[in-house]
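Colleague: This is the structure I have questions about; it appears just below.
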Amino acid sequence: MDMRAAGPSGSPVTRGRIVIDDVVKVYDPEGAAVMAVDHCSLDIEAGEICMIVGPSGCGKTTLLNAIAGFHDITSGRILLDDEVLCSAERPKAEPGPDRIVVFQNGALFPWKTNLDNVIFGPVMQGKLDRKQAIDKGRAMMADAGLSSVEHSYPGEVSSGMRRRVEIVRALMNDPRVLLLDEPYRALDSLTKSVMHEALLEIYYKNKVTIFFITHDLEEAIFLGHKVAIMTTRPCKPKKVLAVDIPHPRDYSVLTSKRFRELIEETNDAVHEEALKAFQAGEKEG
Amino acid sequence: MELTINDGSKAAPEDVLGVLRESTPFHGAPDGLLRKIAAIARRAQYAAGARIYNAGEEADDVYVVASGRIEHIFTSEVGAREPLKRMTRGGVFGWAGLLLGHTQRLATVTALEAAELIRIDTEALVKILEAEPAPANAVMERFASMIVREFTLPELLAQVRRLSGEPQPEEMSSLELTMYRLGQWAKSPRPYLMLIGFALLLGTWYLTVEVWKLPRFREMPGITTVIKEWLNPNPVYGLSFYTAEYYTHIWVSVWRIAQAFFLATMLGVPFGLFLGWSRKFKEYVFPVFELLRPIPILAWVPLAIVMFIATESAVVFLAFLASFFATALNTMLGVESIDESYVRAANCLGASKWQVFRHVIVPGAMPFIFTGLQISIGVSWFSLVAAEMVSGQYGLGYVINTSYMMVRYPTIVIGMITLGFVGYATSALVRIAGDYMMEWRVRELALSER
């Protein structure tokens, strides 16, 4: 069964289609033009988990920042459900609660309790009053198994739990797209595997489009409907792979034959880019 | 879950009591409490090889082994140093429900041979414990240390639930937490080391001045002279605990500091916030600020006297000036230290510019602001005393300076020591205010220190 087409109640997901159309981003510090993204085009269907794989510093984050509205683009355009987010005329999108980023190092506000973090979005936007937001937030935290840490501060709970709180904080806003920037990079591999299943579980309950950046091919194939392997800087898709392992998935997928085949099929492409990046001496970024 | 026989019948309390007494967490608990626990316990039998529960299931009961042998394996996410553990009579498992932030089983447990287990419903157990907070806290502490030692779990995970019967550290407000830590401090060797430090200083003073009469120290007021003068109802040089003048001097200095510090905080914090927040504002103002900041406060004295005809305002102004620079600079650094991700996250979540300022910039800069305020109160005392020495009729700086002129050496030392105490008290107040306003930080630091 392909879970992509159906929403939580079985209705098809109709929101969150992203079209990246011929996007170019040139950084121009002191006149030394550096091309970070090179005529990149990619279609991401509504409700799809799209994994962006590439070596560190290849320009994947630049793409994410352009969608989120943190950076401008040089040319091309990005559309969300046929609305233009950014284009050559309006190079920088406006950040907003329809596209929420889960940051590499986590960005829960340490000075707010987990519950206050979770209700931040709707309260700031004035969509819910504090009381309604608290009710909704507690329900969503309970759903994600986070009830007991509602009144703790982020600094008091484990990093895995912090990530879950952060994802719940994003989902509180009913976003069309979740943008995840290597969110599990800092976690050890065991915690990571648990977090993958937790993410899928949350995804099956709240269908959103997920744009997920990683440099870990196994993670990408395990989670994604679609895996886009990017070339090293300048960044554009080198190979786009549709992962035909049916959802819902669990950890048994990792040992399945098809999973291994897909890894083998793509490993060379990833390795080649990593090698290029290494030879070019690219730094993190 | 394939348990073979589970009659769920109430266990005979006497059997259960014996097993409970042999278990780590309940060992040593008062009989009355154990009887209540035994009353809610159920007995269950498992055949060899039967699965008792799986990781991820709901953590409802706590188990105590009465007979047989079981195998307990943590899931890898738990991070136990030794994930596999075998238990016999008296072994306790299934305590995940007692941990903070856990409602699911952390391990998979299997009977290795036919086993009899005592099952205690977690919520019912917590209710019984909450009714008797004093022995119950001991039980919970034993659970926590058992989980860390015997089950080799990381300490951060092994935090037991708070019992609502009595305030636990987690339930404390930051102020109470500070007091709690003070209590802990009193139990540690640190206060006694501190006393030794003081004893060394005072002893050296006594010996060098009064006993050995070393060349350079001979002329100084000795400790006994100073203390005698300080405690003298009719002081030789006019200033002691018993003279109203002594308190007038303290009060005048404290009042000046209060005004200067209040003004410097009210102006310096917003000024620093805007410096850090607005690039344009910083470009206009910061170069001027940086040029004025290194000028020593003493260099301002003549101008201050010219500017403010009344000496009182001149003295407050000088104390204010030093304080203001420290507060503003630290606040600005605080804003600049805030991780860009927090601002971006707030933008993503739909916060307006003003909301970002209110909910991200201000609380994010708070730790630096309070560092700044600590420095600020210190430098304001510093410049106040300097200013009082130059002008003024009252205040501790004035006392020290006039006593020097009038050759009242013991009074100088009285003034100095008083300054030390009052200065320390004011900066302690600032620290307490900071702890009160940044509960999140106090808790975070408390965790990392533990």
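Chain lettering (A, B, ...) mirrors the order of the structure tokens, residue numbering begins at 1 for each chain separately, and ligand numbering begins at 1 in order of display.
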Quick one: which chain A residues come within 7 Å of chain B, and what is the nearest atom pair for each with the distance in Å to one decimal, counting only C-alpha atoms, rows ordered by chain and ascending number, as a Markdown table?
Modeller:
```
| residue | atom | partner | partner_atom | distance |
| --- | --- | --- | --- | --- |
| A:Pro95 | CA | B:Cys348 | CA | 5.3 |
| A:Gly96 | CA | B:Cys348 | CA | 4.7 |
| A:Pro97 | CA | B:Leu349 | CA | 4.9 |
| A:Arg99 | CA | B:Cys348 | CA | 7.0 |
| A:Ile100 | CA | B:Cys348 | CA | 5.5 |
| A:Val101 | CA | B:Ala345 | CA | 6.9 |
| A:Ala107 | CA | B:Tyr342 | CA | 5.4 |
| A:Phe109 | CA | B:Tyr342 | CA | 6.8 |
| A:Pro110 | CA | B:Trp440 | CA | 6.9 |
| A:Trp111 | CA | B:Trp440 | CA | 5.4 |
| A:Gly121 | CA | B:Leu349 | CA | 4.6 |
| A:Met124 | CA | B:Ala351 | CA | 5.3 |
| A:Gln125 | CA | B:Gly350 | CA | 5.6 |
| A:Leu146 | CA | B:Gly101 | CA | 6.9 |
| A:Ser148 | CA | B:Gly101 | CA | 4.4 |
| A:Val149 | CA | B:Gly101 | CA | 5.6 |
| A:Tyr153 | CA | B:Trp440 | CA | 6.1 |
| A:Gly155 | CA | B:Glu444 | CA | 5.4 |
| A:Glu156 | CA | B:Glu444 | CA | 6.0 |
| A:Leu190 | CA | B:Glu77 | CA | 5.7 |
| A:Thr191 | CA | B:Glu77 | CA | 5.2 |
| A:Val194 | CA | B:Glu77 | CA | 6.7 |
```
Colleague: Among the residues of range 103-203 of chain A, find those DSSP assigns to helix (DSSP H, G or I) from the backbone and print them as a PDB file with C-alpha atoms, in the first residue's frame.
Modeller:
```pdb
ATOM      1  CA  ASN A 114       8.375  22.334  26.289  1.00  0.00           C
ATOM      2  CA  LEU A 115       4.652  23.073  26.340  1.00  0.00           C
ATOM      3  CA  ASP A 116       5.235  26.814  25.900  1.00  0.00           C
ATOM      4  CA  ASN A 117       7.492  25.995  22.973  1.00  0.00           C
ATOM      5  CA  VAL A 118       4.826  23.819  21.406  1.00  0.00           C
ATOM      6  CA  PHE A 120       4.417  29.292  20.446  1.00  0.00           C
ATOM      7  CA  GLY A 121       3.281  29.256  16.797  1.00  0.00           C
ATOM      8  CA  PRO A 122      -0.512  29.460  17.134  1.00  0.00           C
ATOM      9  CA  VAL A 123      -0.275  31.949  20.011  1.00  0.00           C
ATOM     10  CA  MET A 124       2.087  34.278  18.146  1.00  0.00           C
ATOM     11  CA  GLN A 125      -0.046  34.160  15.027  1.00  0.00           C
ATOM     12  CA  ARG A 130      -3.464  30.626  25.107  1.00  0.00           C
ATOM     13  CA  LYS A 131      -5.957  28.271  26.674  1.00  0.00           C
ATOM     14  CA  GLN A 132      -7.043  26.669  23.409  1.00  0.00           C
ATOM     15  CA  ALA A 133      -3.425  26.395  22.354  1.00  0.00           C
ATOM     16  CA  ILE A 134      -2.542  24.654  25.603  1.00  0.00           C
ATOM     17  CA  ASP A 135      -5.349  22.145  25.108  1.00  0.00           C
ATOM     18  CA  LYS A 136      -4.246  21.399  21.568  1.00  0.00           C
ATOM     19  CA  GLY A 137      -0.578  21.323  22.536  1.00  0.00           C
ATOM     20  CA  ARG A 138      -1.147  18.887  25.370  1.00  0.00           C
ATOM     21  CA  ALA A 139      -3.186  16.612  23.139  1.00  0.00           C
ATOM     22  CA  MET A 140      -0.482  16.597  20.467  1.00  0.00           C
ATOM     23  CA  MET A 141       2.282  16.041  23.011  1.00  0.00           C
ATOM     24  CA  ALA A 142       0.332  13.162  24.519  1.00  0.00           C
ATOM     25  CA  ASP A 143       0.021  11.692  21.034  1.00  0.00           C
ATOM     26  CA  SER A 147       3.089  14.230  28.221  1.00  0.00           C
ATOM     27  CA  SER A 148       5.485  13.823  31.076  1.00  0.00           C
ATOM     28  CA  VAL A 149       7.892  16.510  29.860  1.00  0.00           C
ATOM     29  CA  PRO A 154      14.254  21.655  26.843  1.00  0.00           C
ATOM     30  CA  GLY A 155      17.594  21.611  28.657  1.00  0.00           C
ATOM     31  CA  GLU A 156      16.217  19.038  31.068  1.00  0.00           C
ATOM     32  CA  SER A 159      18.234  15.271  22.798  1.00  0.00           C
ATOM     33  CA  GLY A 160      16.006  12.672  21.156  1.00  0.00           C
ATOM     34  CA  MET A 161      13.039  13.978  23.105  1.00  0.00           C
ATOM     35  CA  ARG A 162      13.934  17.559  22.214  1.00  0.00           C
ATOM     36  CA  ARG A 163      13.713  16.674  18.523  1.00  0.00           C
ATOM     37  CA  ARG A 164      10.294  15.161  19.031  1.00  0.00           C
ATOM     38  CA  VAL A 165       9.100  18.262  20.861  1.00  0.00           C
ATOM     39  CA  GLU A 166      10.432  20.382  18.022  1.00  0.00           C
ATOM     40  CA  ILE A 167       8.563  18.355  15.418  1.00  0.00           C
ATOM     41  CA  VAL A 168       5.366  18.624  17.452  1.00  0.00           C
ATOM     42  CA  ARG A 169       5.938  22.387  17.709  1.00  0.00           C
ATOM     43  CA  ALA A 170       6.086  22.505  13.914  1.00  0.00           C
ATOM     44  CA  LEU A 171       3.008  20.314  13.413  1.00  0.00           C
ATOM     45  CA  SER A 189      23.186   5.819  15.488  1.00  0.00           C
ATOM     46  CA  LEU A 190      21.022   3.926  17.989  1.00  0.00           C
ATOM     47  CA  THR A 191      19.010   6.971  19.033  1.00  0.00           C
ATOM     48  CA  LYS A 192      18.801   7.874  15.372  1.00  0.00           C
ATOM     49  CA  SER A 193      17.126   4.604  14.444  1.00  0.00           C
ATOM     50  CA  VAL A 194      14.489   5.123  17.115  1.00  0.00           C
ATOM     51  CA  MET A 195      13.956   8.686  15.928  1.00  0.00           C
ATOM     52  CA  HIS A 196      13.394   7.474  12.360  1.00  0.00           C
ATOM     53  CA  GLU A 197      10.567   5.238  13.430  1.00  0.00           C
ATOM     54  CA  ALA A 198       9.142   8.000  15.616  1.00  0.00           C
ATOM     55  CA  LEU A 199       9.236  10.401  12.667  1.00  0.00           C
ATOM     56  CA  LEU A 200       7.438   7.918  10.421  1.00  0.00           C
ATOM     57  CA  GLU A 201       4.844   7.329  13.108  1.00  0.00           C
ATOM     58  CA  ILE A 202       4.204  11.061  13.393  1.00  0.00           C
ATOM     59  CA  TYR A 203       4.126  11.317   9.600  1.00  0.00           C
TER      60      TYR A 203
END
```
Colleague: Please provide as a list in words all residues within 8 Å of Val399 in chain B, with the sequence filter that same-chain residues fewer than 6 positions apart are discarded (counting only C-alpha atoms).
Modeller: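 The residues that qualify are His249, Thr411, Ile412 and Gly415 of chain B.
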Colleague: Let's have the selection written as a short mmCIF file (atom, residue, chain, number, x, y, z; two decimals), in the first residue's frame, with C-alpha atoms.
Modeller:
```cif
data_model
loop_
_atom_site.label_atom_id
_atom_site.label_comp_id
_atom_site.auth_asym_id
_atom_site.auth_seq_id
_atom_site.Cartn_x
_atom_site.Cartn_y
_atom_site.Cartn_z
CA HIS B 249 27.33 56.31 56.18
CA THR B 411 38.24 53.45 61.32
CA ILE B 412 39.73 53.06 57.82
CA GLY B 415 35.10 51.25 56.55
#
```
Colleague: When DSSP is applied to the backbone of this structure, which of range 189-258 of chain A are assigned strand (DSSP E)? Write them out as a list in words.
Modeller: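 Strand (DSSP E) assignments inside range 189-258 of chain A correspond to Thr209, Ile210, Phe211, Phe212, Ile213, Thr214, Lys226, Val227, Ala228, Ile229, Met230, Pro237, Lys238, Lys239, Val240, Leu241 and Ala242 of chain A.
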Colleague: Rounded to one decimal place, report the CA of Tyr46 in chain B-CA of Ala111 in chain B distance in Å.
Modeller: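 Answer for the CA of Tyr46 in chain B to CA of Ala111 in chain B separation: 6.6 Å.
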Colleague: Do a neighbour search on Cys50 in chain A at 12 Å with only C-alpha atoms, toss out local chain neighbours closer than 2 positions, and write the hits as a ChimeraX atom specification.
Modeller: /A:4,16-18,42-48,52-53,177-180,208-214,219-229,240-243
Colleague: Using the selection just defined, write its residues with C-alpha atoms as a PDB file, in the first residue's frame.
Modeller:
```
ATOM      1  CA  ARG A   4       1.459   8.804   0.116  1.00  0.00           C
ATOM      2  CA  GLY A  16       2.234  20.839   0.000  1.00  0.00           C
ATOM      3  CA  ARG A  17       3.376  20.266  -3.558  1.00  0.00           C
ATOM      4  CA  ILE A  18       6.717  21.939  -4.123  1.00  0.00           C
ATOM      5  CA  LEU A  42      12.857  19.098  -8.679  1.00  0.00           C
ATOM      6  CA  ASP A  43       9.179  18.242  -8.171  1.00  0.00           C
ATOM      7  CA  ILE A  44       7.976  17.129  -4.780  1.00  0.00           C
ATOM      8  CA  GLU A  45       4.459  15.743  -4.617  1.00  0.00           C
ATOM      9  CA  ALA A  46       1.979  16.709  -1.913  1.00  0.00           C
ATOM     10  CA  GLY A  47       2.441  14.523   1.154  1.00  0.00           C
ATOM     11  CA  GLU A  48       5.683  13.028  -0.099  1.00  0.00           C
ATOM     12  CA  ILE A  52      17.931  15.274  -0.373  1.00  0.00           C
ATOM     13  CA  VAL A  53      21.261  13.464  -0.214  1.00  0.00           C
ATOM     14  CA  VAL A 177       5.761  21.391   4.394  1.00  0.00           C
ATOM     15  CA  LEU A 178       8.246  20.324   7.038  1.00  0.00           C
ATOM     16  CA  LEU A 179      11.815  21.229   6.200  1.00  0.00           C
ATOM     17  CA  LEU A 180      14.306  19.112   8.104  1.00  0.00           C
ATOM     18  CA  VAL A 208       2.650  16.704   5.389  1.00  0.00           C
ATOM     19  CA  THR A 209       5.221  17.059   2.698  1.00  0.00           C
ATOM     20  CA  ILE A 210       8.658  16.442   4.155  1.00  0.00           C
ATOM     21  CA  PHE A 211      11.790  17.937   2.652  1.00  0.00           C
ATOM     22  CA  PHE A 212      14.579  16.176   4.484  1.00  0.00           C
ATOM     23  CA  ILE A 213      18.259  16.938   4.053  1.00  0.00           C
ATOM     24  CA  THR A 214      20.798  14.297   4.961  1.00  0.00           C
ATOM     25  CA  GLU A 219      18.504   7.088   6.291  1.00  0.00           C
ATOM     26  CA  ALA A 220      17.343   8.539   2.979  1.00  0.00           C
ATOM     27  CA  ILE A 221      16.199   5.250   1.485  1.00  0.00           C
ATOM     28  CA  PHE A 222      14.640   4.068   4.721  1.00  0.00           C
ATOM     29  CA  LEU A 223      12.489   7.184   5.133  1.00  0.00           C
ATOM     30  CA  GLY A 224      11.892   8.586   1.665  1.00  0.00           C
ATOM     31  CA  HIS A 225       9.362   8.118  -1.096  1.00  0.00           C
ATOM     32  CA  LYS A 226      11.826   9.897  -3.269  1.00  0.00           C
ATOM     33  CA  VAL A 227      15.565  10.297  -2.887  1.00  0.00           C
ATOM     34  CA  ALA A 228      17.343  13.061  -4.777  1.00  0.00           C
ATOM     35  CA  ILE A 229      21.088  12.622  -4.886  1.00  0.00           C
ATOM     36  CA  VAL A 240      16.338  10.994  -8.510  1.00  0.00           C
ATOM     37  CA  LEU A 241      15.237   7.658  -7.201  1.00  0.00           C
ATOM     38  CA  ALA A 242      11.690   6.567  -6.410  1.00  0.00           C
ATOM     39  CA  VAL A 243      11.845   4.184  -3.466  1.00  0.00           C
TER      40      VAL A 243
END
```
Colleague: Just want the 9 Å neighbourhood of Val23 in chain A, counted on only C-alpha atoms, with same-chain residues fewer than 4 positions away dropped. Output as a list in words.
Modeller: Val37, Asp38, His39, Cys40, Ser41, Leu63, Ile73, Thr74, Ser75, Gly76, Arg77, Ile78 and Ser87 of chain A
Colleague: Range 32-36 of chain A: which residues within 8 Å, counting only C-alpha atoms, same-chain residues fewer than 2 positions away excluded, as a VMD selection string?
Modeller: chain A and resid 24 to 30 38 58 to 59 62 233 to 235
Colleague: Would you list the contacts of Phe241 in chain B as an MDAnalysis selection string, taking every protein, DNA or RNA residue within 12 Å and counting only C-alpha atoms, but skipping same-chain residues closer than 4 positions in sequence?
Modeller: chainID B and resid 226:235 245:250 411 414:415 418
Colleague: Keeping only N, CA and C atoms, write the selected residues to a file as a PDB file, in the first residue's frame.
Modeller:
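As a result, selection-v1.pdb now contains:
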```pdb
ATOM      1  N   VAL B 226      41.109  46.981  65.838  1.00  0.00           N
ATOM      2  CA  VAL B 226      39.971  47.258  64.963  1.00  0.00           C
ATOM      3  C   VAL B 226      38.698  46.692  65.572  1.00  0.00           C
ATOM      4  N   ILE B 227      38.778  45.425  66.022  1.00  0.00           N
ATOM      5  CA  ILE B 227      37.563  44.799  66.553  1.00  0.00           C
ATOM      6  C   ILE B 227      37.109  45.495  67.829  1.00  0.00           C
ATOM      7  N   LYS B 228      38.070  45.855  68.661  1.00  0.00           N
ATOM      8  CA  LYS B 228      37.709  46.567  69.898  1.00  0.00           C
ATOM      9  C   LYS B 228      37.003  47.884  69.577  1.00  0.00           C
ATOM     10  N   GLU B 229      37.571  48.593  68.609  1.00  0.00           N
ATOM     11  CA  GLU B 229      36.984  49.870  68.230  1.00  0.00           C
ATOM     12  C   GLU B 229      35.577  49.672  67.665  1.00  0.00           C
ATOM     13  N   TRP B 230      35.460  48.632  66.835  1.00  0.00           N
ATOM     14  CA  TRP B 230      34.194  48.368  66.150  1.00  0.00           C
ATOM     15  C   TRP B 230      33.083  48.045  67.157  1.00  0.00           C
ATOM     16  N   LEU B 231      33.456  47.329  68.212  1.00  0.00           N
ATOM     17  CA  LEU B 231      32.464  46.888  69.195  1.00  0.00           C
ATOM     18  C   LEU B 231      32.373  47.831  70.393  1.00  0.00           C
ATOM     19  N   ASN B 232      33.070  48.947  70.304  1.00  0.00           N
ATOM     20  CA  ASN B 232      33.134  49.842  71.447  1.00  0.00           C
ATOM     21  C   ASN B 232      31.935  50.797  71.479  1.00  0.00           C
ATOM     22  N   PRO B 233      31.135  50.778  72.576  1.00  0.00           N
ATOM     23  CA  PRO B 233      29.998  51.705  72.647  1.00  0.00           C
ATOM     24  C   PRO B 233      30.456  53.166  72.660  1.00  0.00           C
ATOM     25  N   ASN B 234      31.673  53.414  73.152  1.00  0.00           N
ATOM     26  CA  ASN B 234      32.203  54.780  73.104  1.00  0.00           C
ATOM     27  C   ASN B 234      33.498  54.779  72.301  1.00  0.00           C
ATOM     28  N   PRO B 235      33.362  54.719  70.964  1.00  0.00           N
ATOM     29  CA  PRO B 235      34.574  54.527  70.157  1.00  0.00           C
ATOM     30  C   PRO B 235      35.561  55.692  70.297  1.00  0.00           C
ATOM     31  N   GLU B 245      26.013  57.326  63.396  1.00  0.00           N
ATOM     32  CA  GLU B 245      26.731  57.837  62.237  1.00  0.00           C
ATOM     33  C   GLU B 245      27.186  56.708  61.304  1.00  0.00           C
ATOM     34  N   TYR B 246      27.585  55.590  61.950  1.00  0.00           N
ATOM     35  CA  TYR B 246      28.045  54.431  61.178  1.00  0.00           C
ATOM     36  C   TYR B 246      26.976  54.009  60.176  1.00  0.00           C
ATOM     37  N   TYR B 247      25.720  53.926  60.664  1.00  0.00           N
ATOM     38  CA  TYR B 247      24.631  53.480  59.794  1.00  0.00           C
ATOM     39  C   TYR B 247      24.261  54.539  58.781  1.00  0.00           C
ATOM     40  N   THR B 248      24.418  55.813  59.157  1.00  0.00           N
ATOM     41  CA  THR B 248      24.159  56.875  58.178  1.00  0.00           C
ATOM     42  C   THR B 248      25.098  56.726  56.983  1.00  0.00           C
ATOM     43  N   HIS B 249      26.365  56.475  57.273  1.00  0.00           N
ATOM     44  CA  HIS B 249      27.334  56.313  56.182  1.00  0.00           C
ATOM     45  C   HIS B 249      26.957  55.136  55.286  1.00  0.00           C
ATOM     46  N   ILE B 250      26.626  54.012  55.904  1.00  0.00           N
ATOM     47  CA  ILE B 250      26.238  52.836  55.100  1.00  0.00           C
ATOM     48  C   ILE B 250      25.013  53.180  54.271  1.00  0.00           C
ATOM     49  N   THR B 411      39.482  53.130  62.012  1.00  0.00           N
ATOM     50  CA  THR B 411      38.235  53.453  61.316  1.00  0.00           C
ATOM     51  C   THR B 411      38.352  53.174  59.813  1.00  0.00           C
ATOM     52  N   ILE B 414      37.633  49.583  59.453  1.00  0.00           N
ATOM     53  CA  ILE B 414      36.194  49.344  59.659  1.00  0.00           C
ATOM     54  C   ILE B 414      35.429  49.693  58.386  1.00  0.00           C
ATOM     55  N   GLY B 415      35.747  50.831  57.799  1.00  0.00           N
ATOM     56  CA  GLY B 415      35.098  51.245  56.552  1.00  0.00           C
ATOM     57  C   GLY B 415      35.336  50.238  55.435  1.00  0.00           C
ATOM     58  N   THR B 418      33.411  46.959  56.091  1.00  0.00           N
ATOM     59  CA  THR B 418      31.985  47.206  55.875  1.00  0.00           C
ATOM     60  C   THR B 418      31.678  47.242  54.381  1.00  0.00           C
TER      61      THR B 418
END
```
Colleague: Which one is closest to Lys236 in chain A: A:Ile20, A:Arg260, A:Ala280, A:Cys86? Count only C-alpha atoms.
Modeller: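 Ranked by minimum distance to Lys236 in chain A, first place goes to A:Ile20.
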Colleague: Quick one, how far is CA of Arg293 in chain B from CA of Thr426 in chain B?
Modeller: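 About the pair CA of Arg293 in chain B and CA of Thr426 in chain B: they are 23.5 Å apart.
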